[in-house]
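So this block is work_31.csv, CSV, C-alpha atoms:
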chain,number,residue,atom,x,y,z
Q,1,MET,CA,-7.9,20.6,-8.7
Q,2,ASN,CA,-6.6,17.1,-9.0
Q,3,LEU,CA,-3.3,15.8,-10.4
Q,4,ILE,CA,-2.0,12.7,-12.2
Q,5,TYR,CA,1.7,12.2,-11.6
Q,6,GLN,CA,3.8,10.0,-13.8
Q,7,VAL,CA,7.5,9.1,-14.0
Q,8,ASN,CA,9.0,8.3,-17.4
Q,9,ILE,CA,12.8,8.3,-17.1
Q,10,GLY,CA,14.6,6.6,-19.9
Q,11,SER,CA,11.5,4.5,-20.8
Q,12,THR,CA,11.0,3.1,-24.3
Q,13,SER,CA,8.7,4.5,-26.9
Q,14,PHE,CA,6.4,1.5,-26.2
Q,15,PHE,CA,4.8,3.6,-23.4
Q,16,ASP,CA,4.1,6.7,-25.5
Q,17,GLU,CA,0.6,5.6,-26.4
Q,18,CYS,CA,-0.1,4.9,-22.7
Q,19,ILE,CA,1.0,8.4,-21.7
Q,20,ASP,CA,-1.0,9.9,-24.5
Q,21,SER,CA,-4.1,8.1,-23.2
Q,22,VAL,CA,-3.5,9.7,-19.8
Q,23,SER,CA,-3.2,13.2,-21.4
Q,24,ARG,CA,-6.6,12.7,-23.2
Q,25,TYR,CA,-8.1,11.4,-19.9
Q,26,CYS,CA,-6.9,14.5,-18.1
Q,27,LYS,CA,-8.4,16.8,-20.8
Q,28,TRP,CA,-11.8,14.9,-20.5
Q,29,TYR,CA,-12.0,15.5,-16.8
Q,30,GLY,CA,-10.1,18.7,-16.2
Q,31,ILE,CA,-7.2,17.1,-14.4
Q,32,ASP,CA,-3.6,18.5,-14.3
Q,33,HIS,CA,-0.9,16.1,-15.6
Q,34,ILE,CA,2.8,16.0,-14.8
Q,35,VAL,CA,5.2,13.6,-16.4
Q,36,GLN,CA,8.6,13.6,-14.7
Q,37,THR,CA,11.4,12.8,-17.2
Q,38,GLU,CA,14.5,13.4,-15.1
Q,39,SER,CA,15.7,12.0,-11.8
Q,40,LEU,CA,14.8,14.4,-8.9
Q,41,LEU,CA,15.4,12.3,-5.8
Q,42,ASP,CA,18.7,10.9,-4.5
Q,43,LEU,CA,17.1,7.4,-4.3
Q,44,PRO,CA,17.0,4.3,-6.4
Q,45,PRO,CA,15.0,4.9,-9.7
Q,46,HIS,CA,11.8,3.0,-8.6
Q,47,PHE,CA,11.4,5.4,-5.7
Q,48,GLU,CA,11.1,8.5,-8.0
Q,49,LYS,CA,7.3,8.2,-7.9
Q,50,LEU,CA,7.4,9.3,-4.2
Q,51,GLY,CA,7.9,12.8,-5.6
Q,52,ALA,CA,4.1,12.8,-6.1
Q,53,PHE,CA,3.6,13.2,-2.3
Q,54,SER,CA,5.2,16.7,-2.5
Q,55,TYR,CA,2.1,17.9,-4.4
Q,56,LEU,CA,-0.3,17.0,-1.6
Q,57,GLY,CA,-1.7,20.2,-0.2
Q,58,GLU,CA,-1.3,21.9,-3.5
Q,59,TYR,CA,-3.9,19.5,-5.0
Q,60,GLU,CA,-7.0,18.0,-3.5
Q,61,LYS,CA,-6.0,14.5,-4.7
Q,62,VAL,CA,-3.0,13.2,-6.5
Q,63,LEU,CA,-2.9,10.0,-8.6
Q,64,ILE,CA,0.4,8.2,-9.0
Q,65,LEU,CA,0.2,6.4,-12.3
Q,66,ASP,CA,3.0,4.2,-13.9
Q,67,ALA,CA,4.0,5.1,-17.4
Q,68,ASP,CA,3.0,1.7,-18.7
Q,69,VAL,CA,-0.7,2.2,-17.8
Q,70,PHE,CA,-3.2,2.7,-20.7
Q,71,ILE,CA,-6.6,4.3,-19.9
Q,72,THR,CA,-9.5,2.9,-21.9
Q,73,ARG,CA,-12.6,4.7,-23.0
Q,74,LEU,CA,-14.6,2.9,-20.3
Q,75,ALA,CA,-12.8,4.8,-17.5
Q,76,PRO,CA,-14.9,7.1,-15.3
Q,77,ASN,CA,-13.2,9.8,-13.3
Q,78,ILE,CA,-11.0,8.0,-10.7
Q,79,PHE,CA,-11.0,11.1,-8.5
Q,80,ASP,CA,-14.7,10.4,-7.7
Q,81,CYS,CA,-13.6,7.3,-5.8
Q,82,ASP,CA,-13.9,7.1,-2.0
Q,83,ASP,CA,-12.0,9.9,-0.1
Q,84,ALA,CA,-9.5,7.7,1.7
Q,85,GLU,CA,-5.9,8.9,2.4
Q,86,PHE,CA,-4.6,6.1,0.2
Q,87,SER,CA,-6.5,4.0,-2.4
Q,88,ALA,CA,-5.1,1.2,-4.6
Q,89,VAL,CA,-5.9,-2.2,-6.0
Q,90,ILE,CA,-5.1,-5.2,-3.9
Q,91,GLU,CA,-3.5,-7.7,-6.3
Q,92,ARG,CA,-5.2,-10.8,-4.9
Q,93,ASP,CA,-8.6,-9.1,-5.5
Q,94,LEU,CA,-8.0,-9.3,-9.3
Q,95,PRO,CA,-9.6,-12.1,-11.3
Q,96,LEU,CA,-6.2,-13.7,-11.6
Q,97,THR,CA,-5.1,-16.6,-13.7
Q,98,PRO,CA,-4.1,-19.6,-11.6
Q,99,VAL,CA,-0.5,-19.2,-12.8
Q,100,TYR,CA,-0.2,-15.6,-11.6
Q,101,ARG,CA,-2.0,-16.3,-8.3
Q,102,ASP,CA,0.7,-18.9,-7.6
Q,103,LYS,CA,3.3,-16.3,-8.6
Q,104,ILE,CA,2.1,-13.7,-6.1
Q,105,ARG,CA,1.9,-16.4,-3.4
Q,106,ARG,CA,5.6,-17.0,-3.9
Q,107,TYR,CA,6.4,-13.3,-4.3
Q,108,THR,CA,4.8,-12.3,-1.1
Q,109,ASP,CA,6.4,-15.1,0.8
Q,110,GLU,CA,9.8,-13.9,-0.3
Q,111,ASN,CA,9.2,-10.2,0.2
Q,112,TYR,CA,6.7,-9.8,3.1
Q,113,ARG,CA,7.3,-12.8,5.3
Q,114,SER,CA,10.2,-11.2,7.2
Q,115,LEU,CA,8.3,-7.9,7.8
Q,116,THR,CA,6.6,-9.2,11.0
Q,117,ASP,CA,5.8,-5.8,12.6
Q,118,VAL,CA,2.6,-5.4,10.5
Q,119,ASP,CA,-0.4,-7.7,9.8
Q,120,TRP,CA,-0.3,-8.9,6.2
Q,121,ASP,CA,-3.6,-10.8,6.5
Q,122,TRP,CA,-2.1,-14.0,5.0
Q,123,ASP,CA,-4.4,-16.4,3.1
Q,124,GLU,CA,-4.1,-19.1,0.4
Q,125,SER,CA,-3.1,-16.3,-2.1
Q,126,GLY,CA,-0.3,-15.0,0.1
Q,127,ALA,CA,0.0,-11.6,1.7
Q,128,GLU,CA,-2.5,-8.7,1.2
Q,129,PHE,CA,-0.7,-6.1,-0.8
Q,130,PHE,CA,-1.5,-3.4,-3.3
Q,131,ASN,CA,0.1,-2.8,-6.7
Q,132,THR,CA,1.7,0.6,-6.8
Q,133,GLY,CA,1.1,1.2,-10.5
Q,134,VAL,CA,-2.1,3.1,-9.5
Q,135,CYS,CA,-2.2,4.9,-6.2
Q,136,LEU,CA,-4.7,7.6,-5.3
Q,137,LEU,CA,-3.6,10.0,-2.6
Q,138,ARG,CA,-5.5,12.5,-0.4
Q,139,GLY,CA,-4.5,14.5,2.6
Q,140,THR,CA,-1.1,15.4,3.9
Q,141,LYS,CA,0.6,12.2,5.1
Q,142,THR,CA,3.9,11.4,3.5
Q,143,PRO,CA,5.9,8.2,3.7
Q,144,SER,CA,8.3,7.7,6.6
Q,145,GLY,CA,10.7,5.0,7.6
Q,146,LEU,CA,12.4,4.7,4.2
Q,147,GLU,CA,15.9,4.6,5.7
Q,148,ARG,CA,15.1,1.2,7.2
Q,149,PHE,CA,14.5,-0.2,3.8
Q,150,LEU,CA,17.4,1.5,2.0
Q,151,GLU,CA,19.9,0.3,4.6
Q,152,ASN,CA,18.9,-3.3,4.0
Q,153,ASN,CA,20.0,-4.7,0.7
Q,154,TYR,CA,17.2,-7.3,0.6
Q,155,TRP,CA,14.4,-4.8,1.1
Q,156,ASN,CA,16.1,-2.4,-1.3
Q,157,ARG,CA,15.6,-4.9,-4.1
Q,158,THR,CA,11.9,-4.9,-3.5
Q,159,TYR,CA,11.7,-1.3,-4.6
Q,160,ASP,CA,8.8,1.0,-3.8
Q,161,GLN,CA,6.0,-1.5,-3.6
Q,162,THR,CA,7.1,-3.3,-0.5
Q,163,PHE,CA,8.0,0.0,1.2
Q,164,LEU,CA,4.6,1.7,0.5
Q,165,ASN,CA,2.6,-1.3,1.5
Q,166,TRP,CA,4.6,-1.5,4.8
Q,167,TRP,CA,4.2,2.3,5.3
Q,168,VAL,CA,0.4,2.2,4.8
Q,169,LYS,CA,0.0,-0.6,7.3
Q,170,SER,CA,2.5,0.5,9.9
Q,171,CYS,CA,1.4,4.1,10.0
Q,172,GLY,CA,-2.3,3.3,10.1
Q,173,VAL,CA,-3.0,5.2,6.9
Q,174,ASP,CA,-6.7,5.3,6.0
Q,175,PHE,CA,-6.9,2.8,3.1
Q,176,ASN,CA,-9.5,2.2,0.4
Q,177,ARG,CA,-9.5,-0.9,-1.8
Q,178,LEU,CA,-10.1,0.1,-5.4
Q,179,ASP,CA,-12.0,-2.1,-7.8
Q,180,TRP,CA,-9.7,-4.3,-9.9
Q,181,ARG,CA,-10.7,-2.5,-13.1
Q,182,TRP,CA,-8.6,0.5,-12.0
Q,183,ASN,CA,-5.4,-1.6,-12.3
Q,184,ALA,CA,-6.0,-4.6,-14.6
Q,185,LEU,CA,-2.6,-6.3,-14.9
Q,186,TYR,CA,-2.1,-7.3,-18.5
Q,187,GLY,CA,-1.2,-11.0,-18.6
Q,188,ALA,CA,-2.3,-11.7,-15.0
Q,189,VAL,CA,-6.0,-11.7,-15.7
Q,190,ASP,CA,-7.8,-13.6,-18.4
Q,191,ASP,CA,-10.1,-10.9,-19.7
Q,192,ILE,CA,-9.4,-7.1,-19.7
Q,193,ALA,CA,-12.5,-6.2,-21.6
Q,194,GLU,CA,-14.0,-4.5,-18.6
Q,195,ALA,CA,-10.8,-2.7,-17.5
Q,196,TYR,CA,-10.6,1.0,-16.9
Q,197,PHE,CA,-6.8,1.1,-16.7
Q,198,VAL,CA,-4.7,-1.6,-18.4
Q,199,HIS,CA,-1.3,-2.0,-16.8
Q,200,PHE,CA,1.5,-3.5,-18.9
Q,201,PHE,CA,3.5,-4.2,-15.8
Q,202,LEU,CA,5.6,-7.1,-17.2
Q,203,SER,CA,6.4,-5.6,-20.6
Q,204,TYR,CA,10.0,-6.7,-20.4
Q,205,ALA,CA,8.8,-10.3,-20.2
Q,206,MET,CA,6.6,-10.1,-23.3
Q,207,PRO,CA,7.8,-12.2,-26.3
Q,208,ARG,CA,8.9,-9.0,-28.1
Q,209,GLY,CA,10.1,-7.2,-25.0
Q,210,GLY,CA,7.1,-4.8,-25.1
Q,211,ALA,CA,7.2,-3.9,-28.7
Q,212,GLU,CA,3.8,-5.4,-29.1
Q,213,ILE,CA,2.2,-3.0,-26.7
Q,214,PRO,CA,1.0,-0.5,-29.4
Q,215,GLU,CA,-0.7,-3.4,-31.3
Q,216,ILE,CA,-2.4,-4.6,-28.1
Q,217,ILE,CA,-3.6,-1.0,-27.4
Q,218,GLN,CA,-5.0,-0.8,-30.9
Q,219,GLY,CA,-6.9,-4.0,-30.3
Q,220,ILE,CA,-8.3,-2.5,-27.1
Q,221,VAL,CA,-9.3,0.7,-28.8
Q,222,GLU,CA,-11.1,-1.1,-31.6
Q,223,PHE,CA,-12.9,-3.4,-29.2
Q,224,HIS,CA,-14.3,-0.4,-27.3
Q,225,ALA,CA,-15.1,1.6,-30.4

Target encoding structure tokens, full file:
Amino acid sequence: MNLIYQVNIGSTSFFDECIDSVSRYCKWYGIDHIVQTESLLDLPPHFEKLGAFSYLGEYEKVLILDADVFITRLAPNIFDCDDAEFSAVIERDLPLTPVYRDKIRRYTDENYRSLTDVDWDWDESGAEFFNTGVCLLRGTKTPSGLERFLENNYWNRTYDQTFLNWWVKSCGVDFNRLDWRWNALYGAVDDIAEAYFVHFFLSYAMPRGGAEIPEIIQGIVEFHA
């Protein structure tokens, strides 16, 4: 069996339709679904998703999926993807708008430049890093070295994404680059028509603070009908 693991602690109702889409997806493909609604770890809130690693061994594969991800009707079974220990979408692999590509260039310079003990494969788009909104896990390896990040206030502010990227690289975790359609960042790409998973990752910065998400989802549903 496989599992999709989500964390939805104190989130707004804007994400309800996203979570409902995950529930439907799980029924289509016979996948178990857990939505964590209370804090379980003595860690900053963004690290709660690390609880998914505790299910490795119990399940063949575990998918960490943010609560603000909507699954479209186009989506095949993500668990049929390559059997790497860790699979995710590299942000600079997305068909990004020029504005967002410039943003990740600055973001990675601020958050990854000081982590010199791993190779970030820098190029004109900045560091190579994956977005942690969609992470497919297999095997038994669990993150280590978190204390190093929590003891440093700067790294602490980068939340789970910098830590997991550093862990994968520093520990030599077998990594697979997922196609961008598995984590289409809404607002960062020009066209999401081909997306499997639409990630409303900057909902707080939307004109209506995310209240428009149900309307956007309805448009996606009607487009794919």

What are the nearest atom pairs, with distances in Å to one decimal, for all residues of segment 48-148 of chain Q that come at most 8 Å from segment 190-211 of chain Q, using only C-alpha atoms, set out by chain and rising residue number as a Markdown table?
| residue | atom | partner | partner_atom | distance |
| --- | --- | --- | --- | --- |
| Q:Asp68 | CA | Q:Phe200 | CA | 5.4 |
| Q:Val69 | CA | Q:His199 | CA | 4.4 |
| Q:Phe70 | CA | Q:Val198 | CA | 5.1 |
| Q:Ile71 | CA | Q:Phe197 | CA | 4.5 |
| Q:Thr72 | CA | Q:Tyr196 | CA | 5.5 |
| Q:Arg73 | CA | Q:Tyr196 | CA | 7.4 |
| Q:Leu74 | CA | Q:Tyr196 | CA | 5.6 |
| Q:Ala75 | CA | Q:Tyr196 | CA | 4.4 |
| Q:Pro76 | CA | Q:Tyr196 | CA | 7.6 |
| Q:Pro95 | CA | Q:Asp190 | CA | 7.5 |
| Q:Leu96 | CA | Q:Asp190 | CA | 7.0 |
| Q:Thr97 | CA | Q:Asp190 | CA | 6.2 |
| Q:Gly133 | CA | Q:His199 | CA | 7.5 |

Selected residues, C-alpha atoms, written as a CSV table (one decimal), in the coordinates of the input, please.
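Heads up, here's the output in out13.csv:
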chain,number,residue,atom,x,y,z
Q,68,ASP,CA,3.0,1.7,-18.7
Q,69,VAL,CA,-0.7,2.2,-17.8
Q,70,PHE,CA,-3.2,2.7,-20.7
Q,71,ILE,CA,-6.6,4.3,-19.9
Q,72,THR,CA,-9.5,2.9,-21.9
Q,73,ARG,CA,-12.6,4.7,-23.0
Q,74,LEU,CA,-14.6,2.9,-20.3
Q,75,ALA,CA,-12.8,4.8,-17.5
Q,76,PRO,CA,-14.9,7.1,-15.3
Q,95,PRO,CA,-9.6,-12.1,-11.3
Q,96,LEU,CA,-6.2,-13.7,-11.6
Q,97,THR,CA,-5.1,-16.6,-13.7
Q,133,GLY,CA,1.1,1.2,-10.5

Near-segment 114-120 of chain Q list (9 Å; all atoms listed in the file; drop same-chain fewer than 2 positions) as a PyMOL selection string = chain Q and resi 109-112+122+126-129+166+169-170

Which residues, protein or nucleic acid, reach to within 8 Å of (-0.1, -19.3, -1.0) in the file's coordinates when using all atoms listed in the file, and can you give that as a PyMOL selection string?
-> chain Q and resi 102+104-106+109+123-126

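Closest approach to Asp121 of chain Q from the set Q:Ile90, Q:Met1, Q:Leu185, Q:Val62 is made by Q:Ile90, with distances taken over all atoms listed in the file.
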
With a distance cut-off of 8 Å and all atoms listed in the file, select the neighbouring residues of Glu17 of chain Q, excluding the residue or stretch itself and same-chain residues fewer than 4 positions from it, and output the selection as a ChimeraX atom specification.
-> /Q:21,70,214,217

Store the residues picked out above in a file with C-alpha atoms, as a PDB file, keeping the file's coordinate frame.
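Ended up saving to selection.pdb:
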ATOM      1  CA  SER Q  21      -4.100   8.100 -23.200  1.00  0.00           C
ATOM      2  CA  PHE Q  70      -3.200   2.700 -20.700  1.00  0.00           C
ATOM      3  CA  PRO Q 214       1.000  -0.500 -29.400  1.00  0.00           C
ATOM      4  CA  ILE Q 217      -3.600  -1.000 -27.400  1.00  0.00           C
TER       5      ILE Q 217
END

Expressed in Å to a single decimal, how great is the separation between atom CA of Cys135 of chain Q and atom CA of Glu60 of chain Q?
->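 Answer for the atom CA of Cys135 of chain Q to atom CA of Glu60 of chain Q separation: 14.2 Å.
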
Complete the atom set of segment 79-105 of chain Q to N, CA and C atoms and return it as a PDB file, in the frame of the given file.
ATOM      1  N   PHE Q  79     -11.009  10.171  -9.647  1.00  0.00           N
ATOM      2  CA  PHE Q  79     -11.000  11.100  -8.500  1.00  0.00           C
ATOM      3  C   PHE Q  79     -12.362  11.145  -7.803  1.00  0.00           C
ATOM      4  N   ASP Q  80     -13.359  10.501  -8.397  1.00  0.00           N
ATOM      5  CA  ASP Q  80     -14.700  10.400  -7.700  1.00  0.00           C
ATOM      6  C   ASP Q  80     -14.736   9.222  -6.778  1.00  0.00           C
ATOM      7  N   CYS Q  81     -13.656   8.442  -6.671  1.00  0.00           N
ATOM      8  CA  CYS Q  81     -13.600   7.300  -5.800  1.00  0.00           C
ATOM      9  C   CYS Q  81     -13.606   7.788  -4.310  1.00  0.00           C
ATOM     10  N   ASP Q  82     -13.807   6.859  -3.393  1.00  0.00           N
ATOM     11  CA  ASP Q  82     -13.900   7.100  -2.000  1.00  0.00           C
ATOM     12  C   ASP Q  82     -12.730   8.007  -1.480  1.00  0.00           C
ATOM     13  N   ASP Q  83     -13.015   8.938  -0.579  1.00  0.00           N
ATOM     14  CA  ASP Q  83     -12.000   9.900  -0.100  1.00  0.00           C
ATOM     15  C   ASP Q  83     -11.136   9.337   1.006  1.00  0.00           C
ATOM     16  N   ALA Q  84     -10.447   8.253   0.769  1.00  0.00           N
ATOM     17  CA  ALA Q  84      -9.500   7.700   1.700  1.00  0.00           C
ATOM     18  C   ALA Q  84      -8.145   8.447   1.536  1.00  0.00           C
ATOM     19  N   GLU Q  85      -7.255   8.303   2.516  1.00  0.00           N
ATOM     20  CA  GLU Q  85      -5.900   8.900   2.400  1.00  0.00           C
ATOM     21  C   GLU Q  85      -5.094   8.223   1.319  1.00  0.00           C
ATOM     22  N   PHE Q  86      -5.354   6.926   1.130  1.00  0.00           N
ATOM     23  CA  PHE Q  86      -4.600   6.100   0.200  1.00  0.00           C
ATOM     24  C   PHE Q  86      -5.506   5.080  -0.416  1.00  0.00           C
ATOM     25  N   SER Q  87      -5.611   5.040  -1.741  1.00  0.00           N
ATOM     26  CA  SER Q  87      -6.500   4.000  -2.400  1.00  0.00           C
ATOM     27  C   SER Q  87      -5.644   3.318  -3.469  1.00  0.00           C
ATOM     28  N   ALA Q  88      -5.828   2.010  -3.564  1.00  0.00           N
ATOM     29  CA  ALA Q  88      -5.100   1.200  -4.600  1.00  0.00           C
ATOM     30  C   ALA Q  88      -5.800  -0.134  -4.711  1.00  0.00           C
ATOM     31  N   VAL Q  89      -5.374  -0.895  -5.724  1.00  0.00           N
ATOM     32  CA  VAL Q  89      -5.900  -2.200  -6.000  1.00  0.00           C
ATOM     33  C   VAL Q  89      -5.113  -3.284  -5.309  1.00  0.00           C
ATOM     34  N   ILE Q  90      -5.763  -4.104  -4.494  1.00  0.00           N
ATOM     35  CA  ILE Q  90      -5.100  -5.200  -3.900  1.00  0.00           C
ATOM     36  C   ILE Q  90      -4.931  -6.322  -4.951  1.00  0.00           C
ATOM     37  N   GLU Q  91      -3.706  -6.805  -5.147  1.00  0.00           N
ATOM     38  CA  GLU Q  91      -3.500  -7.700  -6.300  1.00  0.00           C
ATOM     39  C   GLU Q  91      -4.294  -8.998  -6.185  1.00  0.00           C
ATOM     40  N   ARG Q  92      -4.463  -9.543  -5.004  1.00  0.00           N
ATOM     41  CA  ARG Q  92      -5.200 -10.800  -4.900  1.00  0.00           C
ATOM     42  C   ARG Q  92      -6.697 -10.609  -5.123  1.00  0.00           C
ATOM     43  N   ASP Q  93      -7.186  -9.342  -5.197  1.00  0.00           N
ATOM     44  CA  ASP Q  93      -8.600  -9.100  -5.500  1.00  0.00           C
ATOM     45  C   ASP Q  93      -8.862  -9.168  -7.007  1.00  0.00           C
ATOM     46  N   LEU Q  94      -7.806  -9.154  -7.817  1.00  0.00           N
ATOM     47  CA  LEU Q  94      -8.000  -9.300  -9.300  1.00  0.00           C
ATOM     48  C   LEU Q  94      -8.487 -10.651  -9.639  1.00  0.00           C
ATOM     49  N   PRO Q  95      -9.210 -10.758 -10.756  1.00  0.00           N
ATOM     50  CA  PRO Q  95      -9.600 -12.100 -11.300  1.00  0.00           C
ATOM     51  C   PRO Q  95      -8.395 -12.742 -11.919  1.00  0.00           C
ATOM     52  N   LEU Q  96      -7.474 -13.211 -11.119  1.00  0.00           N
ATOM     53  CA  LEU Q  96      -6.200 -13.700 -11.600  1.00  0.00           C
ATOM     54  C   LEU Q  96      -6.220 -15.046 -12.223  1.00  0.00           C
ATOM     55  N   THR Q  97      -5.292 -15.267 -13.141  1.00  0.00           N
ATOM     56  CA  THR Q  97      -5.100 -16.600 -13.700  1.00  0.00           C
ATOM     57  C   THR Q  97      -4.477 -17.460 -12.574  1.00  0.00           C
ATOM     58  N   PRO Q  98      -4.670 -18.774 -12.600  1.00  0.00           N
ATOM     59  CA  PRO Q  98      -4.100 -19.600 -11.600  1.00  0.00           C
ATOM     60  C   PRO Q  98      -2.534 -19.505 -11.560  1.00  0.00           C
ATOM     61  N   VAL Q  99      -1.918 -19.335 -12.724  1.00  0.00           N
ATOM     62  CA  VAL Q  99      -0.500 -19.200 -12.800  1.00  0.00           C
ATOM     63  C   VAL Q  99       0.003 -17.963 -12.068  1.00  0.00           C
ATOM     64  N   TYR Q 100      -0.684 -16.828 -12.276  1.00  0.00           N
ATOM     65  CA  TYR Q 100      -0.200 -15.600 -11.600  1.00  0.00           C
ATOM     66  C   TYR Q 100      -0.580 -15.601 -10.143  1.00  0.00           C
ATOM     67  N   ARG Q 101      -1.689 -16.218  -9.756  1.00  0.00           N
ATOM     68  CA  ARG Q 101      -2.000 -16.300  -8.300  1.00  0.00           C
ATOM     69  C   ARG Q 101      -0.923 -17.082  -7.583  1.00  0.00           C
ATOM     70  N   ASP Q 102      -0.435 -18.124  -8.209  1.00  0.00           N
ATOM     71  CA  ASP Q 102       0.700 -18.900  -7.600  1.00  0.00           C
ATOM     72  C   ASP Q 102       1.923 -18.027  -7.534  1.00  0.00           C
ATOM     73  N   LYS Q 103       2.118 -17.180  -8.543  1.00  0.00           N
ATOM     74  CA  LYS Q 103       3.300 -16.300  -8.600  1.00  0.00           C
ATOM     75  C   LYS Q 103       3.266 -15.326  -7.409  1.00  0.00           C
ATOM     76  N   ILE Q 104       2.121 -14.685  -7.140  1.00  0.00           N
ATOM     77  CA  ILE Q 104       2.100 -13.700  -6.100  1.00  0.00           C
ATOM     78  C   ILE Q 104       2.156 -14.400  -4.696  1.00  0.00           C
ATOM     79  N   ARG Q 105       1.723 -15.649  -4.640  1.00  0.00           N
ATOM     80  CA  ARG Q 105       1.900 -16.400  -3.400  1.00  0.00           C
ATOM     81  C   ARG Q 105       3.373 -16.535  -3.061  1.00  0.00           C
TER      82      ARG Q 105
END
